[in-house]
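Chemist: Pasting my_file_17.cif below, which is mmCIF, C-alpha atoms and all ligand atoms.
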data_my_file
loop_
_atom_site.label_atom_id
_atom_site.label_comp_id
_atom_site.auth_asym_id
_atom_site.auth_seq_id
_atom_site.Cartn_x
_atom_site.Cartn_y
_atom_site.Cartn_z
CA MET T 1 50.85 -83.17 -129.34
CA ARG T 2 49.03 -81.52 -126.44
CA LYS T 3 45.54 -80.56 -127.57
CA ILE T 4 43.97 -77.72 -125.63
CA ALA T 5 40.68 -75.86 -126.03
CA VAL T 6 40.42 -72.44 -124.39
CA ILE T 7 36.80 -72.25 -123.46
CA ASN T 8 34.23 -70.27 -121.50
CA GLN T 9 30.76 -69.59 -122.83
CA LYS T 10 30.92 -66.22 -121.15
CA GLY T 11 32.03 -63.50 -123.57
CA GLY T 12 35.04 -61.24 -123.12
CA VAL T 13 36.84 -63.22 -120.41
CA GLY T 14 40.19 -63.38 -122.24
CA LYS T 15 39.98 -66.58 -124.32
CA THR T 16 41.36 -65.07 -127.52
CA THR T 17 43.98 -63.02 -125.66
CA THR T 18 45.13 -66.21 -123.97
CA VAL T 19 45.31 -68.23 -127.20
CA VAL T 20 47.34 -65.58 -129.05
CA ASN T 21 49.80 -64.85 -126.27
CA LEU T 22 50.18 -68.36 -124.93
CA ALA T 23 50.83 -69.59 -128.48
CA ALA T 24 53.36 -66.80 -129.04
CA ALA T 25 55.14 -67.43 -125.74
CA LEU T 26 55.34 -71.18 -126.34
CA ALA T 27 56.66 -70.57 -129.84
CA ARG T 28 59.36 -68.29 -128.45
CA MET T 29 60.38 -71.17 -126.20
CA GLY T 30 60.93 -73.38 -129.24
CA GLN T 31 57.59 -75.20 -129.24
CA ARG T 32 55.78 -75.90 -132.50
CA VAL T 33 52.31 -74.47 -132.04
CA LEU T 34 49.15 -74.47 -134.12
CA ALA T 35 46.46 -71.99 -133.01
CA LEU T 36 42.99 -72.68 -134.36
CA ASP T 37 40.18 -70.14 -134.56
CA ILE T 38 36.77 -71.82 -134.37
CA ASP T 39 34.87 -68.67 -133.43
CA PRO T 40 32.70 -67.06 -136.15
CA GLN T 41 33.66 -63.67 -134.68
CA ALA T 42 37.18 -64.47 -135.98
CA ASN T 43 38.82 -62.34 -133.29
CA LEU T 44 41.88 -64.58 -133.16
CA SER T 45 42.34 -64.30 -136.93
CA VAL T 46 41.95 -60.51 -136.86
CA HIS T 47 44.30 -60.25 -133.88
CA LEU T 48 46.89 -62.11 -135.95
CA ASN T 49 46.43 -59.81 -138.91
CA ILE T 50 44.57 -62.21 -141.19
CA ASP T 51 42.27 -60.55 -143.73
CA VAL T 52 39.16 -62.51 -142.82
CA ALA T 53 37.03 -60.93 -145.54
CA THR T 54 39.12 -62.55 -148.26
CA ALA T 55 40.33 -65.69 -146.48
CA GLU T 56 39.36 -68.68 -148.60
CA ARG T 57 40.98 -71.46 -146.66
CA THR T 58 39.56 -71.41 -143.17
CA ILE T 59 38.25 -73.79 -140.56
CA TYR T 60 34.86 -73.51 -142.29
CA GLU T 61 36.24 -75.33 -145.35
CA VAL T 62 37.55 -78.06 -143.07
CA LEU T 63 34.25 -78.54 -141.27
CA SER T 64 32.36 -78.57 -144.55
CA GLY T 65 34.72 -81.20 -145.96
CA THR T 66 36.39 -79.18 -148.74
CA PHE T 67 39.89 -79.14 -147.28
CA SER T 68 41.96 -80.92 -144.67
CA LEU T 69 43.49 -79.00 -141.78
CA THR T 70 46.92 -79.24 -143.42
CA ASP T 71 45.52 -77.44 -146.49
CA VAL T 72 44.33 -74.43 -144.49
CA ILE T 73 47.29 -73.84 -142.16
CA GLN T 74 48.89 -70.43 -142.43
CA THR T 75 52.36 -69.70 -141.11
CA LEU T 76 52.99 -66.55 -139.13
CA PRO T 77 56.72 -65.99 -139.53
CA ASP T 78 56.77 -62.90 -137.31
CA GLU T 79 55.08 -64.69 -134.43
CA GLY T 80 56.74 -68.07 -134.90
CA PHE T 81 53.65 -70.22 -134.88
CA ASP T 82 51.02 -71.45 -137.32
CA MET T 83 47.31 -70.84 -137.37
CA VAL T 84 44.02 -71.87 -138.92
CA SER T 85 41.76 -68.87 -139.40
CA SER T 86 38.03 -68.51 -139.19
CA ASN T 87 35.58 -66.29 -140.99
CA ILE T 88 31.96 -65.28 -140.68
CA ASP T 89 30.82 -68.27 -142.82
CA LEU T 90 31.39 -70.30 -139.73
CA ALA T 91 28.20 -68.88 -138.23
CA GLY T 92 26.31 -70.81 -140.92
CA ALA T 93 28.36 -73.95 -140.37
CA GLU T 94 26.64 -74.60 -137.08
CA ILE T 95 23.31 -74.88 -138.88
CA GLU T 96 24.72 -76.78 -141.88
CA LEU T 97 26.42 -79.29 -139.61
CA VAL T 98 23.22 -80.25 -137.85
CA SER T 99 22.15 -82.51 -140.71
CA GLN T 100 25.53 -84.22 -141.07
CA MET T 101 26.39 -87.66 -139.77
CA GLY T 102 29.03 -87.63 -137.06
CA ARG T 103 28.72 -83.88 -136.77
CA GLU T 104 30.29 -83.74 -133.29
CA THR T 105 33.46 -85.49 -134.38
CA ILE T 106 34.33 -83.69 -137.64
CA LEU T 107 37.04 -81.60 -136.01
CA ARG T 108 38.41 -84.57 -134.08
CA ASP T 109 38.74 -86.54 -137.31
CA ALA T 110 40.50 -83.58 -138.94
CA VAL T 111 42.88 -83.25 -135.98
CA ASP T 112 43.62 -86.98 -136.02
CA ALA T 113 44.49 -86.72 -139.73
CA LEU T 114 46.72 -83.72 -138.97
CA CYS T 115 48.57 -85.66 -136.26
CA LYS T 116 49.41 -88.28 -138.88
CA SER T 117 50.41 -85.87 -141.66
CA SER T 118 52.19 -83.26 -139.47
CA PRO T 119 53.33 -85.08 -136.36
CA ASP T 120 55.78 -82.34 -135.37
CA TYR T 121 53.36 -79.98 -133.64
CA ASP T 122 53.81 -79.83 -129.88
CA PHE T 123 50.61 -77.87 -129.17
CA LEU T 124 47.20 -77.37 -130.72
CA ILE T 125 45.36 -74.49 -129.02
CA ILE T 126 41.75 -73.82 -130.00
CA ASP T 127 39.99 -70.50 -129.46
CA CYS T 128 36.33 -71.35 -128.78
CA PRO T 129 33.33 -69.07 -129.33
CA PRO T 130 31.39 -67.73 -126.34
CA SER T 131 28.60 -70.27 -126.73
CA LEU T 132 27.91 -73.93 -126.16
CA GLY T 133 26.82 -74.87 -129.69
CA LEU T 134 28.05 -77.44 -132.17
CA LEU T 135 31.36 -75.66 -132.81
CA THR T 136 32.12 -75.87 -129.12
CA ILE T 137 31.11 -79.54 -128.97
CA ASN T 138 33.47 -80.21 -131.86
CA SER T 139 36.27 -78.54 -129.92
CA LEU T 140 35.50 -80.42 -126.70
CA THR T 141 35.48 -83.65 -128.65
CA ALA T 142 38.79 -82.95 -130.43
CA VAL T 143 41.01 -82.08 -127.44
CA ARG T 144 42.27 -83.67 -124.24
CA GLU T 145 42.66 -80.54 -122.13
CA LEU T 146 40.43 -77.62 -121.31
CA PHE T 147 41.77 -74.28 -120.18
CA ILE T 148 39.11 -71.99 -118.74
CA PRO T 149 39.97 -68.31 -118.38
CA LEU T 150 37.97 -66.71 -115.57
CA GLN T 151 37.77 -62.97 -115.24
CA VAL T 152 38.66 -62.17 -111.63
CA GLN T 153 35.57 -60.09 -111.03
CA PHE T 154 32.22 -60.51 -109.38
CA PHE T 155 30.24 -63.18 -111.31
CA ALA T 156 33.49 -64.98 -112.26
CA LEU T 157 32.00 -68.34 -111.39
CA GLN T 158 28.55 -67.61 -112.75
CA GLY T 159 27.77 -70.05 -115.57
CA VAL T 160 30.74 -72.23 -114.69
CA THR T 161 28.53 -75.02 -113.39
CA LYS T 162 26.79 -75.20 -116.75
CA LEU T 163 30.13 -75.33 -118.53
CA LEU T 164 31.30 -78.13 -116.26
CA GLU T 165 28.07 -80.02 -116.84
CA ILE T 166 28.55 -79.83 -120.61
CA ALA T 167 32.23 -80.78 -120.42
CA ASN T 168 31.30 -83.70 -118.22
CA LEU T 169 28.61 -84.81 -120.61
CA VAL T 170 30.95 -84.70 -123.60
CA ARG T 171 33.52 -86.62 -121.60
CA SER T 172 31.13 -89.34 -120.63
CA ARG T 173 29.50 -89.72 -124.05
CA LEU T 174 32.02 -88.66 -126.71
CA ASN T 175 35.52 -88.06 -125.38
CA PRO T 176 36.62 -90.02 -122.29
CA ASP T 177 40.08 -88.35 -122.41
CA LEU T 178 38.74 -84.86 -121.78
CA GLU T 179 39.99 -83.14 -118.60
CA ILE T 180 40.05 -79.62 -117.22
CA THR T 181 43.71 -78.91 -116.56
CA GLY T 182 43.97 -75.13 -116.39
CA ILE T 183 41.78 -72.52 -114.75
CA ILE T 184 43.42 -69.22 -115.67
CA PRO T 185 42.58 -66.15 -113.57
CA GLN T 186 42.37 -63.24 -116.00
CA MET T 187 42.29 -59.44 -115.82
CA PHE T 188 43.28 -59.42 -112.17
CA ASP T 189 43.35 -55.98 -110.60
CA GLN T 190 45.62 -56.27 -107.60
CA ARG T 191 44.50 -52.95 -106.14
CA THR T 192 40.97 -54.04 -105.35
CA LYS T 193 39.87 -56.10 -102.37
CA LEU T 194 37.19 -57.68 -104.51
CA SER T 195 39.76 -59.14 -106.94
CA HIS T 196 41.58 -60.81 -104.05
CA GLU T 197 38.32 -62.20 -102.66
CA VAL T 198 37.23 -63.55 -106.03
CA LEU T 199 40.63 -65.12 -106.61
CA GLU T 200 40.32 -66.89 -103.27
CA GLU T 201 36.86 -68.11 -104.25
CA ILE T 202 38.26 -69.47 -107.55
CA HIS T 203 40.97 -71.33 -105.62
CA THR T 204 38.43 -72.77 -103.19
CA PHE T 205 36.33 -74.08 -106.07
CA PHE T 206 39.01 -75.38 -108.45
CA LYS T 207 41.89 -76.08 -106.04
CA ASN T 208 45.14 -77.15 -107.73
CA THR T 209 43.70 -76.82 -111.24
CA VAL T 210 44.11 -73.03 -110.95
CA THR T 211 47.32 -71.84 -112.58
CA ASN T 212 49.87 -70.12 -110.35
CA THR T 213 50.07 -67.45 -112.99
CA VAL T 214 47.43 -64.78 -112.67
CA VAL T 215 47.12 -62.61 -115.77
CA ARG T 216 46.93 -59.05 -114.56
CA SER T 217 44.81 -56.38 -116.14
CA ASN T 218 47.13 -54.63 -118.54
CA ILE T 219 46.30 -51.98 -121.10
CA ARG T 220 49.07 -53.25 -123.38
CA LEU T 221 47.21 -56.55 -123.73
CA ALA T 222 44.07 -54.67 -124.71
CA GLU T 223 45.96 -52.63 -127.31
CA ALA T 224 47.77 -55.50 -128.99
CA PRO T 225 44.86 -56.77 -131.18
CA SER T 226 44.53 -53.43 -132.98
CA HIS T 227 48.22 -53.69 -133.92
CA GLY T 228 47.75 -57.24 -135.21
CA LYS T 229 50.48 -58.50 -132.91
CA SER T 230 51.01 -60.68 -129.89
CA ILE T 231 52.05 -58.91 -126.71
CA PHE T 232 55.65 -60.03 -127.28
CA ARG T 233 55.86 -57.99 -130.45
CA HIS T 234 53.64 -55.14 -129.31
CA ALA T 235 55.02 -54.51 -125.82
CA PRO T 236 57.65 -57.06 -124.84
CA SER T 237 58.51 -55.37 -121.55
CA SER T 238 54.92 -55.02 -120.33
CA PHE T 239 53.27 -56.84 -117.41
CA GLY T 240 51.14 -58.61 -119.97
CA ALA T 241 54.18 -60.10 -121.71
CA ALA T 242 55.65 -61.14 -118.35
CA ASP T 243 52.39 -62.83 -117.30
CA TYR T 244 51.98 -64.78 -120.54
CA GLN T 245 55.63 -65.78 -120.45
CA ALA T 246 55.10 -67.13 -116.93
CA LEU T 247 51.89 -68.88 -118.01
CA ALA T 248 53.65 -70.55 -120.94
CA GLU T 249 56.44 -71.79 -118.68
CA GLU T 250 53.85 -73.18 -116.30
CA VAL T 251 51.91 -74.85 -119.13
CA LEU T 252 55.06 -76.35 -120.55
CA ASN T 253 56.07 -77.82 -117.21
CA MET T 254 52.67 -78.96 -116.03
CA VAL T 255 51.89 -82.64 -115.84
CA PRO T 256 48.27 -82.57 -117.02
CA GLN T 257 47.36 -85.80 -115.21
CA GLU T 258 48.32 -84.31 -111.85
CA ARG T 259 46.18 -81.22 -112.02
CA VAL T 260 42.91 -82.51 -113.30
CA TYR T 261 39.77 -80.98 -111.83
CA GLN T 262 37.66 -83.94 -110.79
CA MET T 263 34.42 -83.67 -112.68
CA PRO T 264 31.62 -85.64 -111.04
CA GLU T 265 30.65 -88.82 -112.85
CA ILE T 266 27.51 -88.69 -115.00
CA PRO T 267 25.48 -91.83 -114.45
CA GLU T 268 24.77 -94.01 -117.48
CA LEU T 269 21.37 -93.22 -118.97
CA PRO T 270 18.72 -95.80 -118.25
CA PRO T 271 17.65 -97.62 -121.43
CA GLU T 272 13.94 -96.79 -121.03
CA PRO T 273 13.10 -93.21 -122.01
CA ALA T 274 10.28 -93.08 -119.43
CA ALA T 275 12.55 -93.50 -116.39
CA GLU T 276 11.46 -91.00 -113.70
CA GLN T 277 14.85 -90.81 -112.03
CA THR T 278 16.59 -89.34 -115.11
CA GLN T 279 18.59 -86.22 -114.26
CA LYS T 280 16.59 -83.09 -114.89
CA SER T 281 19.01 -81.70 -117.48
CA GLU T 282 18.60 -84.83 -119.57
CA GLU T 283 14.85 -84.96 -119.50
CA PRO T 284 13.17 -84.54 -122.91
CA PRO T 285 10.74 -81.62 -123.29
CA ALA T 286 7.12 -82.41 -122.50
CA GLU T 287 5.65 -81.59 -125.93
CA GLY T 288 5.34 -84.21 -128.70
CA PRO T 289 4.88 -87.97 -128.49
CA PRO T 290 7.59 -89.78 -126.56
CA SER T 291 10.19 -91.39 -128.79
CA GLU T 292 10.19 -95.19 -128.97
CA GLU T 293 13.87 -95.36 -129.96
CA PRO T 294 16.63 -94.99 -127.37
CA LYS T 295 18.47 -91.82 -128.39
CA ASP T 296 21.89 -92.10 -129.91
CA LYS T 297 24.56 -90.58 -127.70
CA GLN T 298 25.62 -87.83 -130.05
CA LEU T 299 22.10 -86.60 -130.56
CA GLU T 300 21.55 -86.56 -126.85
CA VAL T 301 24.65 -84.47 -126.17
CA GLU T 302 23.65 -82.07 -128.88
CA GLU T 303 20.14 -81.64 -127.52
CA THR T 304 21.57 -80.83 -124.14
CA PHE T 305 23.78 -78.22 -125.74
CA MET T 306 20.89 -76.65 -127.60
CA LYS T 307 19.01 -76.27 -124.32
CA HIS T 308 21.95 -74.48 -122.75
CA GLU T 309 22.76 -72.30 -125.73
CA VAL T 310 23.61 -68.78 -124.58
N1 LIG V 401 44.62 -59.09 -119.02
C1 LIG V 401 43.96 -58.16 -119.73
N2 LIG V 401 44.08 -56.86 -119.44
C2 LIG V 401 43.41 -55.93 -120.15
N3 LIG V 401 42.59 -56.19 -121.16
C3 LIG V 401 42.44 -57.48 -121.51
C4 LIG V 401 43.11 -58.54 -120.82
N4 LIG V 401 42.75 -59.72 -121.38
C5 LIG V 401 41.90 -59.41 -122.37
N5 LIG V 401 41.70 -58.07 -122.45
C6 LIG V 401 40.80 -57.36 -123.37
O1 LIG V 401 39.48 -57.71 -123.01
C7 LIG V 401 38.67 -57.90 -124.16
C8 LIG V 401 38.13 -59.32 -124.19
O2 LIG V 401 39.21 -60.22 -124.31
P1 LIG V 401 39.16 -61.43 -125.32
O3 LIG V 401 38.72 -60.98 -126.68
O4 LIG V 401 40.45 -62.14 -125.21
O5 LIG V 401 38.00 -62.28 -124.64
P2 LIG V 401 37.20 -63.53 -125.25
O6 LIG V 401 36.84 -64.37 -124.08
O7 LIG V 401 37.97 -64.15 -126.33
O8 LIG V 401 35.93 -62.80 -125.84
P3 LIG V 401 34.79 -63.51 -126.76
O9 LIG V 401 34.00 -64.31 -125.79
O10 LIG V 401 34.03 -62.38 -127.36
O11 LIG V 401 35.49 -64.36 -127.77
C9 LIG V 401 39.56 -57.58 -125.35
O12 LIG V 401 39.37 -56.24 -125.70
C10 LIG V 401 40.97 -57.81 -124.82
O13 LIG V 401 41.93 -57.02 -125.50
MG MG V 402 37.38 -64.57 -128.29
#
Written as structure tokens, that's how I'd like the structure from this file.
Modeler:
Amino acid sequence: MRKIAVINQKGGVGKTTTVVNLAAALARMGQRVLALDIDPQANLSVHLNIDVATAERTIYEVLSGTFSLTDVIQTLPDEGFDMVSSNIDLAGAEIELVSQMGRETILRDAVDALCKSSPDYDFLIIDCPPSLGLLTINSLTAVRELFIPLQVQFFALQGVTKLLEIANLVRSRLNPDLEITGIIPQMFDQRTKLSHEVLEEIHTFFKNTVTNTVVRSNIRLAEAPSHGKSIFRHAPSSFGAADYQALAEEVLNMVPQERVYQMPEIPELPPEPAAEQTQKSEEPPAEGPPSEEPKDKQLEVEETFMKHEV
């Protein structure tokens, strides 16, 4: 199973739109797909017509240990793929999880169990929230591939360095298999010079990790959520459907190992907490007595996340 998280801590860049329509396109090509909503906003669930107010079996129940992933999977016969929904309770999960042992790996453990009980899935695609909190760490820890949608507008790359830093940190401390394999240009407006310039800038930065498919700005894509449908059911002959079809074909044919964006190595932390040469992002805050204990790796990743919370 290919495990992919669609992530960008910036809001409204097209994460949910990409998860829904990529999942639908892959399913139409005969792939078995599980889409997972780990965003407390539950936009993916609403987009797929799930009544989130009454949903009782959601990703929250998995993270809190009540159910396994298999127990909470819903089938979407009209779309042809399966999903795990979210609900607003998930906002509280982030706080509840803080006191749990192994809090960063709860989702990974659940996904590993799913791979054993339902080995037939070809794709797991996770819709991440627009933040870098514990839910996002769980997603980064559970997958092998990251897809990052970037809105092809001014500021597209703003905040990306922080995202890369976090991904790199999770890779070096919690999930050595993690790689960025798809930078997806989103909401491209081919009429403007700025869009072309920004697209060029994205290519310069991410090189061959950028998908050939550029998702154009298309009103049909914006309408689809209010109809509770993927673009293939809402407007199958639109640009939006054509772009997501092309993206799915590209994703299906890509060899993830060949398109990895090389994240810079993070040096191993020195054992002594007092070391002056520690990277600035890993330095503990000045207040309070310095800890005698070397920090455990999970705690350290989490603290870094908290500092970068947006
Ligand atoms: N290619 C597109 N053309 C036109 N509208 C789009 C396109 N992609 C997404 N949209 C619209 O832009 C808005 C934001 O998209 P979406 O919800 O997918 O972003 P997101 O990154 O998941 O947001 P959040 O960070 O809040 O979860 C939505 O209203 C969506 O319908
Ligand atoms: Mg979203």
Chemist: At a cut-off of 7 Å and counting all atoms listed in the file, what residues surround ligand MG 402 (chain V)? Please answer as a ChimeraX atom specification.
Modeler: /T:12,14-16,43-44,127-129
Chemist: Expressed in Å to a single decimal, how great is the separation between atom CA of T:Leu163 and atom CA of T:Asn8?
Modeler: 7.2 Å
Chemist: When the cut-off is 6 Å and you count only C-alpha atoms and all ligand atoms, which residues lie near ligand LIG 401 (chain V), shown as a list in words?
Modeler: Lys10, Gly11, Gly12, Val13, Gly14, Lys15, Thr16, Thr17, Pro129, Pro130, Gln186, Met187, Val215, Arg216, Ser217, Asn218, Ile219, Leu221 and Ala222 of chain T
Chemist: For T:Gly228, which residue out of T:Ser45, T:Gln9, T:Asn138, T:Gln31 is the nearest one, using only C-alpha atoms?
Modeler: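 Distance minimum relative to T:Gly228 lands on T:Ser45.
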Chemist: T:Ile50, T:Met1, T:Ala93, T:Ile59: which is nearest T:Asp112, counting all atoms listed in the file?
Modeler: T:Met1
Chemist: Please, what distance in Å, to one decimal, runs between atom CA of T:Ser64 and atom CA of T:Arg108?
Modeler: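 Between atom CA of T:Ser64 and atom CA of T:Arg108 the gap is 13.5 Å.
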Chemist: Report the distance between atom CA of T:Leu76 and atom CA of T:Val52 in Å, rounded to one decimal place.
Modeler: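 Going from atom CA of T:Leu76 over to atom CA of T:Val52 covers 14.9 Å.
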Chemist: Find the residues around T:Phe155 up to 12 Å (all atoms listed in the file counted), leave out those fewer than 6 positions away in its own chain, and share them as a list in words.
Modeler: Lys10, Val13, Leu194, Ser195, Glu197, Val198, Leu199, Glu201 and Ile202 of chain T
Chemist: Tell me which protein, DNA and RNA residues are within 12 Å of T:Leu69, counting only C-alpha atoms, leaving out same-chain ones fewer than 6 positions away, and put them as a VMD selection string.
Modeler: chain T and resid 34 to 37 57 to 63 82 to 85 106 to 118 124
Chemist: Excluding stretch 243-256 of chain T and residues on its chain fewer than 5 positions from it, collect all residues at most 10 Å away from it, counting only C-alpha atoms, and give them as a ChimeraX atom specification.
Modeler: /T:2,17-18,20-29,31,123,144-145,179-182,184,209,211-216,218,231-232,236,238
Chemist: So which one's closest to T:Ile137, T:Val260, T:Pro225, T:His196, T:Ile7? Using all atoms listed in the file, please.
Modeler: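 Under the stated criterion, the closest residue is T:Ile7.
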Chemist: Pick from T:Asn175, T:Gln262, T:Gln100, T:Asn87: nearest to T:Phe205, with all atoms listed in the file counted?
Modeler: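 For T:Phe205, the nearest of the given residues is T:Gln262.
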Chemist: Find the smallest box with edges along x, y and z containing every listed atom of stretch 183-199 of chain T, then add 3 Å on each side and report centre and edge lengths in Å to one decimal, as lines of an AutoDock Vina configuration file.
Modeler:
center_x = 41.4
center_y = -62.7
center_z = -109.2
size_x = 14.4
size_y = 25.6
size_z = 19.6
Chemist: Which residue out of T:Gln153, T:Gln190, T:Gln41, T:Asn49 has the minimum interatomic distance to T:Ser230 when all atoms listed in the file are used?
Modeler: T:Asn49
Chemist: Would you mind telling me which residue in T:Gln151, T:Asn168, T:Ser131, T:Thr136 lies nearest to T:Ala5 when using only C-alpha atoms?
Modeler: T:Thr136
Chemist: Any chance you could build stretch 3-20 of chain T out to N, CA and C atoms and write it as a PDB file, keeping the file's coordinate frame?
Modeler:
ATOM      1  N   LYS T   3      46.683 -81.198-126.912  1.00  0.00           N
ATOM      2  CA  LYS T   3      45.540 -80.560-127.570  1.00  0.00           C
ATOM      3  C   LYS T   3      44.710 -79.854-126.509  1.00  0.00           C
ATOM      4  N   ILE T   4      44.596 -78.547-126.671  1.00  0.00           N
ATOM      5  CA  ILE T   4      43.970 -77.720-125.630  1.00  0.00           C
ATOM      6  C   ILE T   4      42.875 -76.865-126.253  1.00  0.00           C
ATOM      7  N   ALA T   5      41.700 -76.826-125.621  1.00  0.00           N
ATOM      8  CA  ALA T   5      40.680 -75.860-126.030  1.00  0.00           C
ATOM      9  C   ALA T   5      40.579 -74.803-124.938  1.00  0.00           C
ATOM     10  N   VAL T   6      40.604 -73.540-125.339  1.00  0.00           N
ATOM     11  CA  VAL T   6      40.420 -72.440-124.390  1.00  0.00           C
ATOM     12  C   VAL T   6      38.950 -72.054-124.481  1.00  0.00           C
ATOM     13  N   ILE T   7      38.259 -72.284-123.387  1.00  0.00           N
ATOM     14  CA  ILE T   7      36.800 -72.250-123.460  1.00  0.00           C
ATOM     15  C   ILE T   7      36.187 -71.531-122.270  1.00  0.00           C
ATOM     16  N   ASN T   8      35.127 -70.815-122.527  1.00  0.00           N
ATOM     17  CA  ASN T   8      34.230 -70.270-121.500  1.00  0.00           C
ATOM     18  C   ASN T   8      33.084 -69.665-122.311  1.00  0.00           C
ATOM     19  N   GLN T   9      31.878 -70.101-122.021  1.00  0.00           N
ATOM     20  CA  GLN T   9      30.760 -69.590-122.830  1.00  0.00           C
ATOM     21  C   GLN T   9      30.461 -68.131-122.528  1.00  0.00           C
ATOM     22  N   LYS T  10      31.075 -67.630-121.462  1.00  0.00           N
ATOM     23  CA  LYS T  10      30.920 -66.220-121.150  1.00  0.00           C
ATOM     24  C   LYS T  10      31.805 -65.402-122.100  1.00  0.00           C
ATOM     25  N   GLY T  11      31.279 -64.307-122.605  1.00  0.00           N
ATOM     26  CA  GLY T  11      32.030 -63.500-123.570  1.00  0.00           C
ATOM     27  C   GLY T  11      33.033 -62.581-122.868  1.00  0.00           C
ATOM     28  N   GLY T  12      34.104 -62.267-123.566  1.00  0.00           N
ATOM     29  CA  GLY T  12      35.040 -61.240-123.120  1.00  0.00           C
ATOM     30  C   GLY T  12      35.835 -61.566-121.871  1.00  0.00           C
ATOM     31  N   VAL T  13      36.102 -62.850-121.630  1.00  0.00           N
ATOM     32  CA  VAL T  13      36.840 -63.220-120.410  1.00  0.00           C
ATOM     33  C   VAL T  13      38.344 -63.392-120.679  1.00  0.00           C
ATOM     34  N   GLY T  14      38.750 -63.277-121.940  1.00  0.00           N
ATOM     35  CA  GLY T  14      40.190 -63.380-122.240  1.00  0.00           C
ATOM     36  C   GLY T  14      40.590 -64.665-122.952  1.00  0.00           C
ATOM     37  N   LYS T  15      39.633 -65.336-123.592  1.00  0.00           N
ATOM     38  CA  LYS T  15      39.980 -66.580-124.320  1.00  0.00           C
ATOM     39  C   LYS T  15      40.958 -66.275-125.458  1.00  0.00           C
ATOM     40  N   THR T  16      40.553 -65.353-126.336  1.00  0.00           N
ATOM     41  CA  THR T  16      41.360 -65.070-127.520  1.00  0.00           C
ATOM     42  C   THR T  16      42.723 -64.497-127.126  1.00  0.00           C
ATOM     43  N   THR T  17      42.720 -63.609-126.149  1.00  0.00           N
ATOM     44  CA  THR T  17      43.980 -63.020-125.660  1.00  0.00           C
ATOM     45  C   THR T  17      44.909 -64.128-125.166  1.00  0.00           C
ATOM     46  N   THR T  18      44.322 -65.105-124.496  1.00  0.00           N
ATOM     47  CA  THR T  18      45.130 -66.210-123.970  1.00  0.00           C
ATOM     48  C   THR T  18      45.677 -67.085-125.096  1.00  0.00           C
ATOM     49  N   VAL T  19      44.842 -67.371-126.097  1.00  0.00           N
ATOM     50  CA  VAL T  19      45.310 -68.230-127.200  1.00  0.00           C
ATOM     51  C   VAL T  19      46.478 -67.557-127.925  1.00  0.00           C
ATOM     52  N   VAL T  20      46.293 -66.294-128.296  1.00  0.00           N
ATOM     53  CA  VAL T  20      47.340 -65.580-129.050  1.00  0.00           C
ATOM     54  C   VAL T  20      48.655 -65.555-128.255  1.00  0.00           C
TER      55      VAL T  20
END
